[in-house]
Structure formats: C-alpha cells, structure tokens
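The file final15.cif contains mmCIF, C-alpha atoms:
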```
data_query
#
loop_
_atom_site.label_atom_id
_atom_site.label_comp_id
_atom_site.auth_asym_id
_atom_site.auth_seq_id
_atom_site.Cartn_x
_atom_site.Cartn_y
_atom_site.Cartn_z
CA MET A 1 14.89 64.23 16.68
CA THR A 2 14.50 67.93 17.52
CA THR A 3 11.07 69.55 17.47
CA THR A 4 10.32 73.24 17.00
CA LEU A 5 7.00 74.90 17.77
CA ILE A 6 6.18 78.01 15.73
CA THR A 7 3.24 79.59 17.50
CA ASN A 8 1.21 82.80 17.52
CA ILE A 9 0.80 82.62 13.73
CA GLY A 10 -1.83 85.15 12.69
CA SER A 11 -2.88 83.11 9.63
CA LEU A 12 -1.37 79.90 8.30
CA VAL A 13 -1.64 78.74 4.68
CA THR A 14 -1.24 74.95 4.66
CA ASN A 15 -2.67 74.17 1.18
CA ASP A 16 -4.34 71.20 2.88
CA PRO A 17 -8.15 71.66 2.88
CA ALA A 18 -8.45 68.97 5.56
CA LEU A 19 -6.64 71.27 8.00
CA GLY A 20 -8.43 74.57 7.49
CA GLU A 21 -10.67 76.77 5.36
CA GLY A 22 -10.89 76.48 1.58
CA PRO A 23 -8.26 75.28 -0.90
CA LEU A 24 -5.56 77.09 1.08
CA GLY A 25 -6.40 75.13 4.23
CA LEU A 26 -6.24 78.46 6.04
CA ILE A 27 -5.97 78.40 9.84
CA LYS A 28 -6.28 81.56 11.94
CA ASP A 29 -4.39 81.87 15.26
CA ALA A 30 -2.32 78.86 14.26
CA ALA A 31 0.82 76.93 15.14
CA LEU A 32 3.19 74.51 13.44
CA VAL A 33 5.43 71.84 14.89
CA LEU A 34 8.53 70.97 12.89
CA GLU A 35 10.39 67.75 13.47
CA ASP A 36 13.80 67.97 11.83
CA GLU A 37 13.07 68.51 8.11
CA ARG A 38 9.31 67.81 8.20
CA VAL A 39 6.05 69.26 9.45
CA ALA A 40 4.87 67.11 12.37
CA TRP A 41 1.70 69.01 13.30
CA ALA A 42 -0.40 71.98 12.14
CA GLY A 43 -3.49 73.46 13.73
CA PRO A 44 -4.88 76.04 16.15
CA ALA A 45 -2.25 77.46 18.49
CA ALA A 46 -4.43 76.68 21.54
CA GLN A 47 -4.18 72.96 20.70
CA ALA A 48 -0.46 72.81 19.85
CA PRO A 49 1.61 70.06 21.47
CA ALA A 50 4.80 70.77 23.39
CA ALA A 51 8.13 70.91 21.55
CA ASP A 52 11.83 71.17 22.34
CA GLU A 53 12.01 74.78 21.15
CA ALA A 54 9.44 77.52 20.62
CA VAL A 55 9.40 80.44 18.18
CA ASP A 56 6.90 83.30 18.44
CA ALA A 57 5.60 84.39 15.01
CA GLN A 58 4.19 87.56 16.63
CA GLY A 59 0.88 87.38 14.81
CA ARG A 60 2.45 87.30 11.36
CA ALA A 61 1.25 85.18 8.44
CA VAL A 62 3.02 81.96 7.47
CA ILE A 63 2.82 80.40 4.01
CA PRO A 64 4.59 77.47 2.30
CA GLY A 65 7.89 78.27 0.62
CA PHE A 66 7.42 79.27 -3.00
CA VAL A 67 8.10 76.62 -5.65
CA ASP A 68 9.66 78.23 -8.73
CA SER A 69 9.21 75.61 -11.42
CA HIS A 70 10.67 77.53 -14.38
CA SER A 71 13.93 79.48 -14.48
CA HIS A 72 17.05 79.85 -16.62
CA LEU A 73 19.88 80.59 -14.18
CA VAL A 74 22.95 79.10 -15.88
CA PHE A 75 24.05 82.04 -17.97
CA ALA A 76 26.55 84.85 -18.26
CA GLY A 77 26.37 88.33 -19.71
CA ASP A 78 23.81 91.10 -19.69
CA ARG A 79 21.05 92.12 -22.09
CA THR A 80 20.38 95.62 -20.83
CA VAL A 81 20.80 97.07 -24.32
CA GLU A 82 18.17 94.69 -25.71
CA PHE A 83 15.77 95.47 -22.85
CA ASN A 84 16.25 99.20 -23.33
CA ALA A 85 15.59 98.90 -27.05
CA ARG A 86 12.50 96.76 -26.47
CA MET A 87 11.11 99.29 -24.01
CA SER A 88 11.69 101.85 -26.74
CA GLY A 89 9.54 99.97 -29.23
CA ARG A 90 11.31 96.88 -30.57
CA PRO A 91 9.31 93.67 -29.93
CA TYR A 92 10.78 90.59 -28.23
CA LYS A 93 11.80 87.75 -30.56
CA ALA A 94 13.23 84.32 -29.74
CA GLY A 95 16.53 85.10 -31.48
CA GLY A 96 17.72 87.36 -28.67
CA ILE A 97 18.84 84.21 -26.88
CA ARG A 98 21.92 84.12 -29.13
CA THR A 99 23.45 87.06 -27.26
CA THR A 100 23.40 85.10 -24.00
CA VAL A 101 24.68 81.97 -25.74
CA ALA A 102 27.86 83.78 -26.78
CA ALA A 103 28.48 85.16 -23.28
CA THR A 104 27.74 81.83 -21.59
CA ARG A 105 30.11 79.89 -23.80
CA ALA A 106 32.86 82.38 -22.95
CA ALA A 107 32.33 82.17 -19.18
CA THR A 108 34.26 79.86 -16.85
CA ASP A 109 32.62 77.14 -14.79
CA ALA A 110 33.32 79.17 -11.65
CA GLU A 111 31.64 82.25 -13.08
CA LEU A 112 28.53 80.31 -14.11
CA SER A 113 28.28 78.54 -10.74
CA ALA A 114 28.65 81.83 -8.89
CA ASN A 115 25.83 83.31 -10.96
CA VAL A 116 23.51 80.39 -10.18
CA ALA A 117 24.31 80.66 -6.46
CA ARG A 118 23.71 84.41 -6.53
CA TYR A 119 20.31 84.23 -8.17
CA MET A 120 19.16 81.30 -6.05
CA TRP A 121 20.15 83.16 -2.88
CA GLU A 122 18.33 86.22 -4.20
CA ALA A 123 15.21 84.10 -4.73
CA LEU A 124 15.56 82.38 -1.35
CA ARG A 125 15.57 85.76 0.40
CA GLN A 126 12.22 86.40 -1.29
CA GLY A 127 10.73 83.11 -0.12
CA THR A 128 11.55 80.59 -2.86
CA THR A 129 12.61 77.30 -1.29
CA THR A 130 12.36 74.96 -4.31
CA PHE A 131 14.05 75.89 -7.58
CA GLU A 132 13.97 74.42 -11.08
CA THR A 133 16.53 75.62 -13.60
CA LYS A 134 17.53 74.78 -17.15
CA SER A 135 20.39 74.63 -19.58
CA GLY A 136 19.83 76.23 -22.97
CA TYR A 137 22.50 78.91 -23.27
CA GLY A 138 25.32 76.63 -24.40
CA LEU A 139 23.89 74.79 -27.40
CA THR A 140 26.97 72.62 -27.88
CA VAL A 141 27.43 69.17 -26.39
CA GLU A 142 30.15 70.37 -24.04
CA ASP A 143 28.44 73.60 -22.99
CA GLU A 144 25.02 72.07 -22.39
CA ALA A 145 26.52 69.23 -20.34
CA ARG A 146 28.55 71.61 -18.18
CA ALA A 147 25.51 73.86 -17.66
CA LEU A 148 23.52 70.92 -16.32
CA ARG A 149 26.42 69.70 -14.21
CA ILE A 150 26.69 73.15 -12.65
CA ALA A 151 22.92 73.39 -12.14
CA ALA A 152 22.88 69.99 -10.44
CA GLU A 153 25.32 71.31 -7.85
CA HIS A 154 22.63 73.76 -6.72
CA THR A 155 19.27 72.00 -7.19
CA ASP A 156 17.69 68.61 -7.82
CA GLU A 157 15.24 70.07 -10.35
CA VAL A 158 17.42 70.29 -13.45
CA THR A 159 16.08 70.52 -16.99
CA TYR A 160 17.84 69.73 -20.27
CA LEU A 161 16.95 72.50 -22.74
CA GLY A 162 19.37 71.93 -25.57
CA ALA A 163 16.33 72.74 -27.73
CA HIS A 164 16.09 76.37 -26.62
CA ILE A 165 16.75 77.66 -30.13
CA VAL A 166 18.62 76.19 -33.08
CA SER A 167 22.29 76.74 -32.33
CA PRO A 168 23.90 79.52 -34.38
CA ASP A 169 26.42 76.85 -35.45
CA TYR A 170 23.55 75.03 -37.22
CA ALA A 171 21.70 78.06 -38.60
CA ASP A 172 21.61 76.48 -42.06
CA ASP A 173 20.95 72.94 -40.83
CA PRO A 174 18.13 72.84 -38.23
CA ALA A 175 17.55 69.13 -38.92
CA GLY A 176 21.19 68.48 -38.08
CA TYR A 177 20.79 70.33 -34.81
CA VAL A 178 17.71 68.31 -33.87
CA LYS A 179 19.77 65.19 -34.58
CA LEU A 180 22.48 66.47 -32.24
CA VAL A 181 19.99 67.39 -29.49
CA THR A 182 18.36 63.97 -29.65
CA GLY A 183 21.64 62.09 -29.96
CA GLU A 184 25.13 62.98 -28.76
CA MET A 185 24.03 66.02 -26.73
CA LEU A 186 21.25 64.09 -25.00
CA ASP A 187 23.65 61.27 -24.14
CA ALA A 188 26.01 63.76 -22.49
CA CYS A 189 23.29 65.69 -20.66
CA ALA A 190 20.80 63.08 -19.46
CA PRO A 191 22.88 61.95 -16.44
CA TYR A 192 22.60 65.43 -14.90
CA ALA A 193 18.92 66.15 -15.61
CA ARG A 194 15.47 65.13 -14.40
CA TRP A 195 13.55 66.89 -17.18
CA VAL A 196 13.66 67.50 -20.94
CA ASP A 197 12.21 70.71 -22.37
CA VAL A 198 11.81 72.33 -25.78
CA PHE A 199 10.89 75.83 -26.98
CA CYS A 200 8.04 74.97 -29.35
CA GLU A 201 7.60 78.29 -31.13
CA LYS A 202 8.06 80.10 -34.42
CA GLY A 203 11.75 80.92 -34.64
CA ALA A 204 12.64 77.92 -32.47
CA PHE A 205 11.22 74.37 -32.99
CA ASP A 206 8.03 73.28 -34.74
CA GLY A 207 5.65 70.59 -33.50
CA ASP A 208 7.31 67.66 -35.26
CA GLN A 209 10.78 68.70 -34.10
CA ALA A 210 9.53 69.26 -30.56
CA ARG A 211 7.85 65.85 -30.44
CA ALA A 212 11.04 64.12 -31.60
CA ILE A 213 13.14 65.96 -29.01
CA LEU A 214 10.76 65.24 -26.13
CA LYS A 215 10.33 61.58 -27.05
CA ALA A 216 14.09 61.11 -27.27
CA GLY A 217 14.51 62.59 -23.79
CA MET A 218 11.71 60.48 -22.40
CA ALA A 219 13.32 57.36 -23.84
CA LYS A 220 16.39 58.28 -21.76
CA GLY A 221 14.25 58.43 -18.61
CA LEU A 222 13.71 62.20 -18.51
CA GLN A 223 10.26 63.65 -17.87
CA ALA A 224 8.81 66.21 -20.26
CA ARG A 225 7.91 69.88 -19.94
CA VAL A 226 7.32 72.33 -22.79
CA HIS A 227 7.78 76.04 -23.54
CA ALA A 228 4.39 76.34 -25.21
CA ASN A 229 2.34 79.01 -26.96
CA GLN A 230 4.30 81.99 -25.64
CA LEU A 231 4.65 84.23 -28.68
CA SER A 232 1.94 82.83 -30.94
CA TYR A 233 -0.67 80.12 -31.35
CA GLY A 234 0.93 76.74 -32.01
CA PRO A 235 1.05 73.03 -31.23
CA GLY A 236 3.01 73.24 -27.96
CA VAL A 237 0.17 72.93 -25.45
CA GLN A 238 -1.53 70.03 -27.18
CA LEU A 239 1.81 68.30 -27.64
CA ALA A 240 2.47 68.68 -23.92
CA VAL A 241 -0.87 67.08 -23.05
CA GLU A 242 -0.39 64.33 -25.64
CA LEU A 243 2.92 63.33 -24.06
CA ASP A 244 1.63 63.81 -20.49
CA ALA A 245 4.22 66.50 -19.87
CA ALA A 246 4.31 67.80 -16.32
CA SER A 247 3.76 71.36 -17.49
CA ALA A 248 3.11 73.56 -20.47
CA ASP A 249 4.85 76.84 -19.69
CA HIS A 250 3.74 80.32 -20.82
CA CYS A 251 0.31 79.40 -22.30
CA THR A 252 -0.25 82.97 -23.51
CA HIS A 253 -1.97 82.24 -26.83
CA LEU A 254 -4.57 79.49 -26.37
CA THR A 255 -7.43 78.22 -28.50
CA ASN A 256 -10.53 76.62 -27.02
CA ALA A 257 -9.08 73.26 -28.05
CA ASP A 258 -5.88 74.00 -26.13
CA ILE A 259 -7.84 74.84 -22.99
CA ASP A 260 -10.02 71.76 -23.36
CA ALA A 261 -6.90 69.61 -23.67
CA LEU A 262 -5.39 71.08 -20.51
CA ALA A 263 -8.67 70.65 -18.62
CA GLN A 264 -8.88 66.99 -19.58
CA GLY A 265 -5.20 66.11 -19.07
CA ASN A 266 -2.69 66.07 -16.23
CA THR A 267 -0.47 68.83 -17.57
CA VAL A 268 -0.14 71.96 -15.43
CA ALA A 269 -0.41 75.34 -17.13
CA THR A 270 2.55 77.33 -15.78
CA LEU A 271 2.07 81.06 -16.24
CA LEU A 272 5.05 83.42 -16.23
CA PRO A 273 3.80 86.99 -15.80
CA GLY A 274 7.32 88.40 -15.47
CA ALA A 275 7.81 87.65 -19.16
CA GLU A 276 4.71 89.57 -20.21
CA PHE A 277 5.66 92.45 -17.92
CA SER A 278 9.19 92.62 -19.33
CA THR A 279 8.18 92.33 -22.97
CA ARG A 280 4.93 94.33 -22.87
CA ALA A 281 3.18 91.31 -24.29
CA GLU A 282 -0.40 90.11 -23.97
CA TRP A 283 -1.19 88.63 -20.55
CA PRO A 284 -2.15 84.94 -20.25
CA ASP A 285 -5.84 84.49 -19.48
CA ALA A 286 -5.54 82.80 -16.10
CA ARG A 287 -9.24 83.31 -15.35
CA ARG A 288 -10.23 81.33 -18.43
CA LEU A 289 -7.99 78.43 -17.37
CA LEU A 290 -9.03 78.40 -13.73
CA ASP A 291 -12.74 78.56 -14.49
CA VAL A 292 -12.60 75.25 -16.37
CA GLY A 293 -10.52 73.49 -13.74
CA VAL A 294 -7.01 73.64 -15.22
CA THR A 295 -4.24 73.38 -12.62
CA VAL A 296 -2.27 76.62 -12.81
CA ALA A 297 1.24 77.32 -11.53
CA LEU A 298 3.03 80.66 -11.28
CA SER A 299 6.76 80.97 -11.85
CA THR A 300 9.33 83.70 -12.45
CA ASP A 301 10.92 82.52 -15.72
CA CYS A 302 14.03 84.22 -14.35
CA ASN A 303 16.31 84.74 -17.35
CA PRO A 304 18.46 87.59 -18.68
CA GLY A 305 16.41 88.33 -21.77
CA SER A 306 12.67 88.34 -21.21
CA SER A 307 12.04 88.11 -17.44
CA PHE A 308 14.99 89.12 -15.30
CA THR A 309 13.22 88.77 -11.95
CA SER A 310 13.66 86.19 -9.21
CA SER A 311 10.73 87.51 -7.18
CA MET A 312 7.73 85.26 -6.72
CA PRO A 313 5.94 87.95 -4.66
CA PHE A 314 6.24 90.26 -7.67
CA CYS A 315 4.76 87.59 -9.94
CA ILE A 316 1.89 87.05 -7.49
CA ALA A 317 1.09 90.77 -7.58
CA LEU A 318 1.14 90.77 -11.40
CA ALA A 319 -1.10 87.69 -11.54
CA VAL A 320 -3.68 89.31 -9.31
CA ARG A 321 -3.57 92.72 -10.98
CA ASP A 322 -3.22 91.78 -14.64
CA MET A 323 -4.22 88.10 -14.98
CA LEU A 324 -7.41 88.36 -12.88
CA MET A 325 -6.40 85.74 -10.33
CA THR A 326 -7.62 86.13 -6.77
CA PRO A 327 -4.94 86.52 -4.08
CA ASP A 328 -5.77 83.02 -2.80
CA GLU A 329 -5.41 81.52 -6.28
CA ALA A 330 -2.12 83.29 -6.91
CA VAL A 331 -0.56 82.16 -3.63
CA TRP A 332 -1.75 78.58 -4.21
CA SER A 333 -0.34 78.62 -7.76
CA ALA A 334 3.04 79.94 -6.55
CA THR A 335 3.31 77.15 -3.97
CA ALA A 336 1.17 74.05 -4.52
CA GLY A 337 0.81 74.81 -8.23
CA GLY A 338 4.56 74.97 -8.68
CA ALA A 339 4.89 71.67 -6.82
CA ALA A 340 2.34 70.10 -9.17
CA ALA A 341 4.31 71.41 -12.16
CA LEU A 342 7.33 69.53 -10.78
CA ARG A 343 5.22 66.52 -9.80
CA ARG A 344 6.28 66.94 -6.19
CA THR A 345 4.11 66.12 -3.18
CA ASP A 346 6.65 66.96 -0.48
CA VAL A 347 6.82 70.71 -1.12
CA GLY A 348 4.30 73.48 -1.78
CA GLY A 349 2.23 72.88 1.36
CA LEU A 350 2.48 72.67 5.13
CA GLY A 351 0.43 69.60 5.88
CA VAL A 352 1.76 66.88 8.15
CA GLY A 353 4.70 65.12 6.52
CA ALA A 354 5.52 67.95 4.13
CA ARG A 355 9.04 69.29 3.96
CA ALA A 356 9.35 72.12 6.47
CA ASP A 357 9.75 74.92 3.92
CA LEU A 358 7.92 78.02 5.07
CA VAL A 359 7.88 81.79 4.81
CA VAL A 360 7.00 84.19 7.61
CA LEU A 361 5.53 87.39 6.23
CA ASP A 362 5.79 90.76 7.91
CA ALA A 363 2.02 91.02 7.48
CA PRO A 364 -1.09 89.50 9.07
CA SER A 365 -2.27 87.77 5.89
CA HIS A 366 -0.98 86.24 2.66
CA VAL A 367 -3.23 88.70 0.81
CA HIS A 368 -0.66 91.41 1.53
CA LEU A 369 1.60 89.88 -1.14
CA ALA A 370 -0.75 91.38 -3.74
CA TYR A 371 -2.13 94.16 -1.55
CA ARG A 372 1.34 95.69 -0.96
CA PRO A 373 3.21 95.08 -4.23
CA GLY A 374 6.91 95.78 -4.24
CA VAL A 375 7.18 95.87 -0.44
CA PRO A 376 9.75 93.39 1.04
CA LEU A 377 7.33 91.43 3.23
CA VAL A 378 9.41 88.25 3.63
CA ALA A 379 10.63 88.37 7.23
CA GLU A 380 11.93 84.80 7.63
CA VAL A 381 12.47 81.78 5.40
CA TRP A 382 12.76 78.24 6.76
CA ARG A 383 14.04 75.49 4.48
CA LYS A 384 14.08 71.85 5.53
CA GLY A 385 13.26 72.94 9.07
CA VAL A 386 16.16 75.39 9.35
CA ARG A 387 15.72 79.16 9.47
CA THR A 388 17.95 80.29 6.60
CA VAL A 389 16.82 83.91 6.18
#
```
Just give me the structure as structure tokens.
Amino acid sequence: MTTTLITNIGSLVTNDPALGEGPLGLIKDAALVLEDERVAWAGPAAQAPAADEAVDAQGRAVIPGFVDSHSHLVFAGDRTVEFNARMSGRPYKAGGIRTTVAATRAATDAELSANVARYMWEALRQGTTTFETKSGYGLTVEDEARALRIAAEHTDEVTYLGAHIVSPDYADDPAGYVKLVTGEMLDACAPYARWVDVFCEKGAFDGDQARAILKAGMAKGLQARVHANQLSYGPGVQLAVELDAASADHCTHLTNADIDALAQGNTVATLLPGAEFSTRAEWPDARRLLDVGVTVALSTDCNPGSSFTSSMPFCIALAVRDMLMTPDEAVWSATAGGAAALRRTDVGGLGVGARADLVVLDAPSHVHLAYRPGVPLVAEVWRKGVRTV
C-alpha cells in the first residue's frame, strides 16, 4: 500500500469530534495520512507519522469532499425561456417538467450520458466527490429504465423517480400511471437503482399515491426518499418519517407537527437553497430545524428547471446568508449531512477509515466558502486518495 502525507494544513475539517474542536472536529496546523483510498491518520502536523510521499498544503484549509445527495442529471434540452419568464414574474409550477421530458425522450443514450458526465465533472471541480442522481424525465418504462442505466454508469447513488409528475401520456388517468410506476416500470428500473423517490406535491402525487409508490419500491428492495413540502404544505414530510425514508427533500413549508416528526425520526431534512434562489420562493427555515435537533443536509438539486447549479459552495453561501445557518453548520450539512441523507458512513468526513475524499481550499479556513461567495476557492480535489482536480 502507498501512503501520502498531506501536511501544513492551516485548518482541517474532519467532522469527527473525537479528533478536534466542535462538531466539525476542527484541527489547526494539521496533517492527514492517506493509505490508498482511505484516511489512515489525522491530527496535528507536528505529530504526523512518516509516509511514502508528502504534499505541502501551504497553510490552506482542507475539508471533506461535498456529498450532493439530490440532483437530476439525466436530462436533455434547455429551459432558458421558462427561467426568463419566471424571472419576469411567472411563478414556478411542477408542470414545467414536461418540457424536459419531451427533450429527454428525444435524446440518444450517448447524448444523455455525455450530459451526466459533463455535470458531474463540473461538480467535481467544485469539490463534490459523492453524487446522487435520479431518473424522472422519461416517464415511460423504456425511458426511465435507460435513464437509470445511464446514471448507474456514473454513480452508485441512483434513484428511481418515475413518480416525478404524472406522465403526459396519462394526463387523464393518474391512477393508471401510478399502477405503471408501481408495476411494470418499477420492475424494469429496480435493478439499476438504490433508491425510490416521489414528488409528493400538488400537481404531482398526493399522500396516498406517494405512499403506494414508495411502499412498492421498498418491497423491491429500494430505500425511500421523498420530494416533500416544496411548493406548499402537505403530507410529504410526515410520510417520509412514517416510512423511515432516508431524507425528506426541500422541506420549505413545514408545520410544527412536521418539525416534531423530523426531530423524533431518523429522516434527514435535505434543504436545496438553489431551488429557492432560482424560483424566488420562500427560503426553508433551517434555523428552526437545527434548533430542535433535526439532521440537516444541503444539496444542489441540480436540474434544468428550478435549480440549474452544480455548485455546493454556492449553496453553502445561500444557506448562511438566507437560511440563517452558521458557516460551520452549512459546511457540516454539505458534507456529513449529505452522507447521512444517503445513509453513508464512509464519506462526508475525514476520520480514520473514511474514504479519502477531500477538498483543498485556496483559503485559510472553511468559513471563506460563505465569506467569499462566488469566488472559485477549490484549489484541489482528491477522490479515493487520488488528486483528480
């Protein structure tokens, strides 16, 4: 095995409180030892063991690679016209997805795969080392299955979202579409996916439909996650907790009962500030969730309609500025929080045994991610112990 010492780290975020200060496990004047794909040691640079190779971080900050637990990257087409209209006063509605469905169905496998690779590389350059992505822009058996097959060529975190909206082909028969999503489409898609998801929202699927879809996926061995309470109050969050879903994503419109359910359950509240930014919608109340002990993740929701950003640093800056998170909370939520939303223990931190996914910032502290919004601070990205950027 080959070992690499990264030393002269100005500040190191490990997300392991046993290694350093606070929830971030922050170590000043730190070092890391990587052994192949894993972290073998973390601590003060003055105590670092010898290694086969040494890398000087030059006093820069090092954080875990970002874990983006919610994205929609298998798509074709462009929704610039819709975005322009929305910025001119037309509100976002779930039905805009149909535009992307038409373009995605018309695209070739090669075109869709190239798009996924492009956006994942774009995200990697900005520090994202673990990616989740979904289907949901095909809405036929064949198109959903090929979307998941293509996604699985690029990431292990693949989500079946046949229940994104009711397919235009079933506009007059939503019950028939639910039957398809829970039957023939699920059978074709389950072999490629780890997760099942549903957009539980007015204009998409109601609580009873969402429960049937999630339970069908779970019966096939998929784990649940839910698009919940994005555009209005509804049953999505409480359904997610009821079914022990890994995450309830969006969580913009929450009652006290919703927050109590999240606080008492194991479901992560994944907040997607890029969507609120891009739709001029109400911001999720992260402070309210954090203050009662809810586990919060941050993600990009990268998609062509409502959040066309792949930048986790941008989402961190939004969370601090507009969702009242502290810089420490936002960085934790974009790393360890995302890992929790994917029920992963091997990513999202830099404790001993973790996968060696890390980001070197051209800054002395992780706080600069919010302090210097829009500035390209990611100097290096290491994934599985290899410097890739």
Around all listed atoms of segment 95-107 of chain A, padded 8 Å per side, what centre and edge lengths does the axis-aligned box have in Å to one decimal, as lines of an AutoDock Vina configuration file?
```
center_x = 24.7
center_y = 83.6
center_z = -25.3
size_x = 32.3
size_y = 23.5
size_z = 28.3
```
query: From the list A:Trp332, A:Tyr119, A:Phe314, A:Phe131, which residue is nearest Ser69 of chain A when using only C-alpha atoms?
result: A:Phe131
Residues within 8 Å of Ser232 of chain A, all atoms listed in the file, excluding chain neighbours under 3 positions, as a short mmCIF file (atom, residue, chain, number, x, y, z; two decimals) with C-alpha atoms, in the coordinates of the input:
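Full text of out.cif as output:
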```cif
data_model
loop_
_atom_site.label_atom_id
_atom_site.label_comp_id
_atom_site.auth_asym_id
_atom_site.auth_seq_id
_atom_site.Cartn_x
_atom_site.Cartn_y
_atom_site.Cartn_z
CA GLU A 201 7.60 78.29 -31.13
CA LYS A 202 8.06 80.10 -34.42
CA ASN A 229 2.34 79.01 -26.96
CA THR A 252 -0.25 82.97 -23.51
CA HIS A 253 -1.97 82.24 -26.83
#
```
statement: Between A:Val81, A:Ile150, A:Val389, A:Val360, smallest distance to Gly10 of chain A by all atoms listed in the file belongs to A:Val360
Nearest residue to Leu369 of chain A from the set A:Ala354, A:Ala46, A:Cys315, A:Ile213 (distances using all atoms listed in the file):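 Counting all atoms listed in the file, the residue closest to Leu369 of chain A is A:Cys315.
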query: Which one of A:Pro364, A:Gly348, A:Pro284, A:Pro313 sits closest to Ala123 of chain A if you count all atoms listed in the file?
result: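 Result for the nearest residue to Ala123 of chain A: A:Pro313.
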field: Reference answer for the PyMOL selection byres ((chain A and resi 234) around 12), as a count of residues only
entry: 31
query: Quick one: which residues end up in the PyMOL selection byres ((chain A and resi 181-186) around 12) for this structure, as a ChimeraX atom specification?
result: /A:135-136,138-146,148,159-167,170,174-180,187-193,195-198,205,209-222
Using C-alpha atoms, can you write the selected residues to a file as a PDB file, keeping the file's coordinate frame?
```
ATOM      1  CA  SER A 135      20.390  74.630 -19.580  1.00  0.00           C
ATOM      2  CA  GLY A 136      19.830  76.230 -22.970  1.00  0.00           C
ATOM      3  CA  GLY A 138      25.320  76.630 -24.400  1.00  0.00           C
ATOM      4  CA  LEU A 139      23.890  74.790 -27.400  1.00  0.00           C
ATOM      5  CA  THR A 140      26.970  72.620 -27.880  1.00  0.00           C
ATOM      6  CA  VAL A 141      27.430  69.170 -26.390  1.00  0.00           C
ATOM      7  CA  GLU A 142      30.150  70.370 -24.040  1.00  0.00           C
ATOM      8  CA  ASP A 143      28.440  73.600 -22.990  1.00  0.00           C
ATOM      9  CA  GLU A 144      25.020  72.070 -22.390  1.00  0.00           C
ATOM     10  CA  ALA A 145      26.520  69.230 -20.340  1.00  0.00           C
ATOM     11  CA  ARG A 146      28.550  71.610 -18.180  1.00  0.00           C
ATOM     12  CA  LEU A 148      23.520  70.920 -16.320  1.00  0.00           C
ATOM     13  CA  THR A 159      16.080  70.520 -16.990  1.00  0.00           C
ATOM     14  CA  TYR A 160      17.840  69.730 -20.270  1.00  0.00           C
ATOM     15  CA  LEU A 161      16.950  72.500 -22.740  1.00  0.00           C
ATOM     16  CA  GLY A 162      19.370  71.930 -25.570  1.00  0.00           C
ATOM     17  CA  ALA A 163      16.330  72.740 -27.730  1.00  0.00           C
ATOM     18  CA  HIS A 164      16.090  76.370 -26.620  1.00  0.00           C
ATOM     19  CA  ILE A 165      16.750  77.660 -30.130  1.00  0.00           C
ATOM     20  CA  VAL A 166      18.620  76.190 -33.080  1.00  0.00           C
ATOM     21  CA  SER A 167      22.290  76.740 -32.330  1.00  0.00           C
ATOM     22  CA  TYR A 170      23.550  75.030 -37.220  1.00  0.00           C
ATOM     23  CA  PRO A 174      18.130  72.840 -38.230  1.00  0.00           C
ATOM     24  CA  ALA A 175      17.550  69.130 -38.920  1.00  0.00           C
ATOM     25  CA  GLY A 176      21.190  68.480 -38.080  1.00  0.00           C
ATOM     26  CA  TYR A 177      20.790  70.330 -34.810  1.00  0.00           C
ATOM     27  CA  VAL A 178      17.710  68.310 -33.870  1.00  0.00           C
ATOM     28  CA  LYS A 179      19.770  65.190 -34.580  1.00  0.00           C
ATOM     29  CA  LEU A 180      22.480  66.470 -32.240  1.00  0.00           C
ATOM     30  CA  ASP A 187      23.650  61.270 -24.140  1.00  0.00           C
ATOM     31  CA  ALA A 188      26.010  63.760 -22.490  1.00  0.00           C
ATOM     32  CA  CYS A 189      23.290  65.690 -20.660  1.00  0.00           C
ATOM     33  CA  ALA A 190      20.800  63.080 -19.460  1.00  0.00           C
ATOM     34  CA  PRO A 191      22.880  61.950 -16.440  1.00  0.00           C
ATOM     35  CA  TYR A 192      22.600  65.430 -14.900  1.00  0.00           C
ATOM     36  CA  ALA A 193      18.920  66.150 -15.610  1.00  0.00           C
ATOM     37  CA  TRP A 195      13.550  66.890 -17.180  1.00  0.00           C
ATOM     38  CA  VAL A 196      13.660  67.500 -20.940  1.00  0.00           C
ATOM     39  CA  ASP A 197      12.210  70.710 -22.370  1.00  0.00           C
ATOM     40  CA  VAL A 198      11.810  72.330 -25.780  1.00  0.00           C
ATOM     41  CA  PHE A 205      11.220  74.370 -32.990  1.00  0.00           C
ATOM     42  CA  GLN A 209      10.780  68.700 -34.100  1.00  0.00           C
ATOM     43  CA  ALA A 210       9.530  69.260 -30.560  1.00  0.00           C
ATOM     44  CA  ARG A 211       7.850  65.850 -30.440  1.00  0.00           C
ATOM     45  CA  ALA A 212      11.040  64.120 -31.600  1.00  0.00           C
ATOM     46  CA  ILE A 213      13.140  65.960 -29.010  1.00  0.00           C
ATOM     47  CA  LEU A 214      10.760  65.240 -26.130  1.00  0.00           C
ATOM     48  CA  LYS A 215      10.330  61.580 -27.050  1.00  0.00           C
ATOM     49  CA  ALA A 216      14.090  61.110 -27.270  1.00  0.00           C
ATOM     50  CA  GLY A 217      14.510  62.590 -23.790  1.00  0.00           C
ATOM     51  CA  MET A 218      11.710  60.480 -22.400  1.00  0.00           C
ATOM     52  CA  ALA A 219      13.320  57.360 -23.840  1.00  0.00           C
ATOM     53  CA  LYS A 220      16.390  58.280 -21.760  1.00  0.00           C
ATOM     54  CA  GLY A 221      14.250  58.430 -18.610  1.00  0.00           C
ATOM     55  CA  LEU A 222      13.710  62.200 -18.510  1.00  0.00           C
TER      56      LEU A 222
END
```
Selection dump of the PyMOL selection byres ((chain A and resi 79) around 8), as a PyMOL selection string: chain A and resi 77-78+80-83+99-100+304-305
Å distance separating atom CA of Ala61 of chain A from atom CA of Val367 of chain A, one decimal place: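 So the two atoms, atom CA of Ala61 of chain A and atom CA of Val367 of chain A, lie 9.5 Å apart.
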Length of the atom CA of Arg98 of chain A to atom CA of Cys302 of chain A vector [Å]: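 That distance, rounded to one decimal, is 16.8 Å.
For the pair atom CA of Val67 of chain A and atom CA of Glu242 of chain A, the separation is 25.0 Å.
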